[in-house]
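In what follows, a single structure is set out as C-alpha cells and then discussed.
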Amino acid sequence: MPQTEYAISDQDRRDAMRRVNRKLGFLRHLCIYLLVNAGLIALNLSTSRHVLWSAGPLLGWGIGVLFHALSVFADFPSRWRQALMERELRRHR
C-alpha cells in the first residue's frame with residue numbers, strides 16, 4: 001500500500017516550530033534551575049548547616065518554573081486564548 005503524504009501548510013510548520021521552541025525553552029529553564037539550585041544547596045550546606053537559606057531561591061524560582069511548565073504543556077491557556085480571539089473577532093464584524 002502506498003503511503004499517503006499529507007500536505008503541511010506553512011502556518012502548520014510555523015505553529016509546530018513555535019511549540020517546539022517553547023518546549024526547548026522550558027527544558028533550558030529547568031536545567032539552569034536544577035544546576036544553579038544544586039550549587040546553592042551545596043554552598044549552603046558547606047557554609048552553614050543550621051540555616052537553610054537556599055530554600056528561599058529554590059522555592060521562589062521553583063514557582064516560576066512551575067508556571068513556565070503550565071504555560072508550555074497545559075492546554076487550557078491556549079483554549080482560553082482561542083476563545084478570546086474568536087470573541088474579539090465576532091465583536092468587530
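How things are named: the first chain in the C-alpha cells is A, the next is B, and so on; residues count from 1 in each chain; ligands count from 1 in the order shown.
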
Can you list, as a PDB file with all heavy atoms, in the first residue's frame, every protein, DNA or RNA residue that comes within 12 Å of segment 34-50 of chain A when you count only C-alpha atoms, leaving out same-chain residues fewer than 5 positions away?
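Final file, result_13.pdb:
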ATOM      1  N   LEU A  27      12.775  23.422  28.786  1.00  0.00           N
ATOM      2  CA  LEU A  27      13.805  22.469  29.212  1.00  0.00           C
ATOM      3  C   LEU A  27      15.106  23.183  29.571  1.00  0.00           C
ATOM      4  O   LEU A  27      15.783  22.812  30.533  1.00  0.00           O
ATOM      5  CB  LEU A  27      14.039  21.423  28.128  1.00  0.00           C
ATOM      6  CG  LEU A  27      12.893  20.439  27.930  1.00  0.00           C
ATOM      7  CD1 LEU A  27      13.163  19.514  26.746  1.00  0.00           C
ATOM      8  CD2 LEU A  27      12.642  19.631  29.186  1.00  0.00           C
ATOM      9  N   ARG A  28      15.442  24.219  28.829  1.00  0.00           N
ATOM     10  CA  ARG A  28      16.633  25.015  29.141  1.00  0.00           C
ATOM     11  C   ARG A  28      16.450  25.684  30.510  1.00  0.00           C
ATOM     12  O   ARG A  28      17.359  25.663  31.348  1.00  0.00           O
ATOM     13  CB  ARG A  28      16.836  26.064  28.049  1.00  0.00           C
ATOM     14  CG  ARG A  28      18.125  26.823  28.148  1.00  0.00           C
ATOM     15  CD  ARG A  28      18.330  27.808  26.988  1.00  0.00           C
ATOM     16  NE  ARG A  28      18.058  27.203  25.698  1.00  0.00           N
ATOM     17  CZ  ARG A  28      17.074  27.589  24.869  1.00  0.00           C
ATOM     18  NH1 ARG A  28      16.270  28.575  25.205  1.00  0.00           N
ATOM     19  NH2 ARG A  28      16.894  26.999  23.709  1.00  0.00           N
ATOM     20  N   HIS A  29      15.290  26.260  30.747  1.00  0.00           N
ATOM     21  CA  HIS A  29      14.987  26.911  32.024  1.00  0.00           C
ATOM     22  C   HIS A  29      15.092  25.907  33.176  1.00  0.00           C
ATOM     23  O   HIS A  29      15.688  26.194  34.217  1.00  0.00           O
ATOM     24  CB  HIS A  29      13.580  27.510  31.949  1.00  0.00           C
ATOM     25  CG  HIS A  29      13.177  28.325  33.131  1.00  0.00           C
ATOM     26  ND1 HIS A  29      11.912  28.819  33.279  1.00  0.00           N
ATOM     27  CD2 HIS A  29      13.848  28.742  34.234  1.00  0.00           C
ATOM     28  CE1 HIS A  29      11.829  29.497  34.401  1.00  0.00           C
ATOM     29  NE2 HIS A  29      12.991  29.461  35.005  1.00  0.00           N
ATOM     30  N   ALA A  55      16.699  27.441  50.599  1.00  0.00           N
ATOM     31  CA  ALA A  55      15.301  27.065  50.372  1.00  0.00           C
ATOM     32  C   ALA A  55      14.506  28.215  49.751  1.00  0.00           C
ATOM     33  O   ALA A  55      13.579  27.979  48.971  1.00  0.00           O
ATOM     34  CB  ALA A  55      14.651  26.623  51.684  1.00  0.00           C
ATOM     35  N   GLY A  56      14.881  29.442  50.060  1.00  0.00           N
ATOM     36  CA  GLY A  56      14.173  30.607  49.509  1.00  0.00           C
ATOM     37  C   GLY A  56      14.259  30.678  47.988  1.00  0.00           C
ATOM     38  O   GLY A  56      13.229  30.704  47.302  1.00  0.00           O
ATOM     39  N   PRO A  57      15.490  30.721  47.439  1.00  0.00           N
ATOM     40  CA  PRO A  57      15.599  30.747  45.980  1.00  0.00           C
ATOM     41  C   PRO A  57      15.021  29.490  45.323  1.00  0.00           C
ATOM     42  O   PRO A  57      14.412  29.568  44.248  1.00  0.00           O
ATOM     43  CB  PRO A  57      17.104  30.833  45.719  1.00  0.00           C
ATOM     44  CG  PRO A  57      17.697  31.338  46.978  1.00  0.00           C
ATOM     45  CD  PRO A  57      16.787  30.894  48.083  1.00  0.00           C
ATOM     46  N   LEU A  58      15.185  28.356  45.975  1.00  0.00           N
ATOM     47  CA  LEU A  58      14.661  27.104  45.437  1.00  0.00           C
ATOM     48  C   LEU A  58      13.145  27.172  45.294  1.00  0.00           C
ATOM     49  O   LEU A  58      12.593  26.831  44.239  1.00  0.00           O
ATOM     50  CB  LEU A  58      15.054  25.951  46.374  1.00  0.00           C
ATOM     51  CG  LEU A  58      14.737  24.544  45.918  1.00  0.00           C
ATOM     52  CD1 LEU A  58      15.682  24.125  44.807  1.00  0.00           C
ATOM     53  CD2 LEU A  58      14.871  23.582  47.087  1.00  0.00           C
ATOM     54  N   LEU A  59      12.470  27.653  46.310  1.00  0.00           N
ATOM     55  CA  LEU A  59      11.011  27.755  46.281  1.00  0.00           C
ATOM     56  C   LEU A  59      10.538  28.861  45.334  1.00  0.00           C
ATOM     57  O   LEU A  59       9.647  28.647  44.505  1.00  0.00           O
ATOM     58  CB  LEU A  59      10.471  28.006  47.690  1.00  0.00           C
ATOM     59  CG  LEU A  59       8.963  28.151  47.803  1.00  0.00           C
ATOM     60  CD1 LEU A  59       8.268  26.862  47.388  1.00  0.00           C
ATOM     61  CD2 LEU A  59       8.577  28.534  49.212  1.00  0.00           C
ATOM     62  N   GLY A  60      11.132  30.033  45.441  1.00  0.00           N
ATOM     63  CA  GLY A  60      10.707  31.156  44.606  1.00  0.00           C
ATOM     64  C   GLY A  60      10.874  30.886  43.124  1.00  0.00           C
ATOM     65  O   GLY A  60       9.949  31.084  42.329  1.00  0.00           O
ATOM     66  N   TRP A  61      12.055  30.423  42.747  1.00  0.00           N
ATOM     67  CA  TRP A  61      12.324  30.133  41.353  1.00  0.00           C
ATOM     68  C   TRP A  61      11.518  28.913  40.910  1.00  0.00           C
ATOM     69  O   TRP A  61      11.081  28.829  39.761  1.00  0.00           O
ATOM     70  CB  TRP A  61      13.812  29.913  41.162  1.00  0.00           C
ATOM     71  CG  TRP A  61      14.311  29.905  39.756  1.00  0.00           C
ATOM     72  CD1 TRP A  61      13.585  29.963  38.605  1.00  0.00           C
ATOM     73  CD2 TRP A  61      15.675  29.831  39.356  1.00  0.00           C
ATOM     74  NE1 TRP A  61      14.417  29.932  37.519  1.00  0.00           N
ATOM     75  CE2 TRP A  61      15.708  29.846  37.960  1.00  0.00           C
ATOM     76  CE3 TRP A  61      16.870  29.743  40.058  1.00  0.00           C
ATOM     77  CZ2 TRP A  61      16.895  29.774  37.242  1.00  0.00           C
ATOM     78  CZ3 TRP A  61      18.049  29.680  39.332  1.00  0.00           C
ATOM     79  CH2 TRP A  61      18.064  29.702  37.947  1.00  0.00           C
ATOM     80  N   GLY A  62      11.307  27.972  41.831  1.00  0.00           N
ATOM     81  CA  GLY A  62      10.510  26.780  41.514  1.00  0.00           C
ATOM     82  C   GLY A  62       9.082  27.129  41.118  1.00  0.00           C
ATOM     83  O   GLY A  62       8.497  26.499  40.232  1.00  0.00           O
ATOM     84  N   VAL A  65       9.286  28.198  37.573  1.00  0.00           N
ATOM     85  CA  VAL A  65       9.434  27.036  36.681  1.00  0.00           C
ATOM     86  C   VAL A  65       8.093  26.316  36.528  1.00  0.00           C
ATOM     87  O   VAL A  65       7.733  25.881  35.427  1.00  0.00           O
ATOM     88  CB  VAL A  65      10.528  26.072  37.214  1.00  0.00           C
ATOM     89  CG1 VAL A  65      10.531  24.763  36.447  1.00  0.00           C
ATOM     90  CG2 VAL A  65      11.897  26.733  37.133  1.00  0.00           C
TER      91      VAL A  65
END

Let's see if you can do this: from backbone DSSP, list all helix (DSSP H, G or I) residues in chain A, as a ChimeraX atom specification. /A:10-47,55-73,76-91

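Across A:Arg14, A:His92, A:Arg87, A:Arg19, the tightest approach to Phe73 of chain A is made by A:Arg19 when counting only C-alpha atoms.
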
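In this comparison, which uses only C-alpha atoms, the residue of A:Ile32, A:Ile8, A:Asp15, A:Gly25 approaching Ser71 of chain A most closely is A:Gly25.
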
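Proximity to Ile63 of chain A was assessed for A:Leu30, A:Asp75, A:Glu88, A:Ser9 counting only C-alpha atoms; the smallest distance is recorded for A:Leu30.
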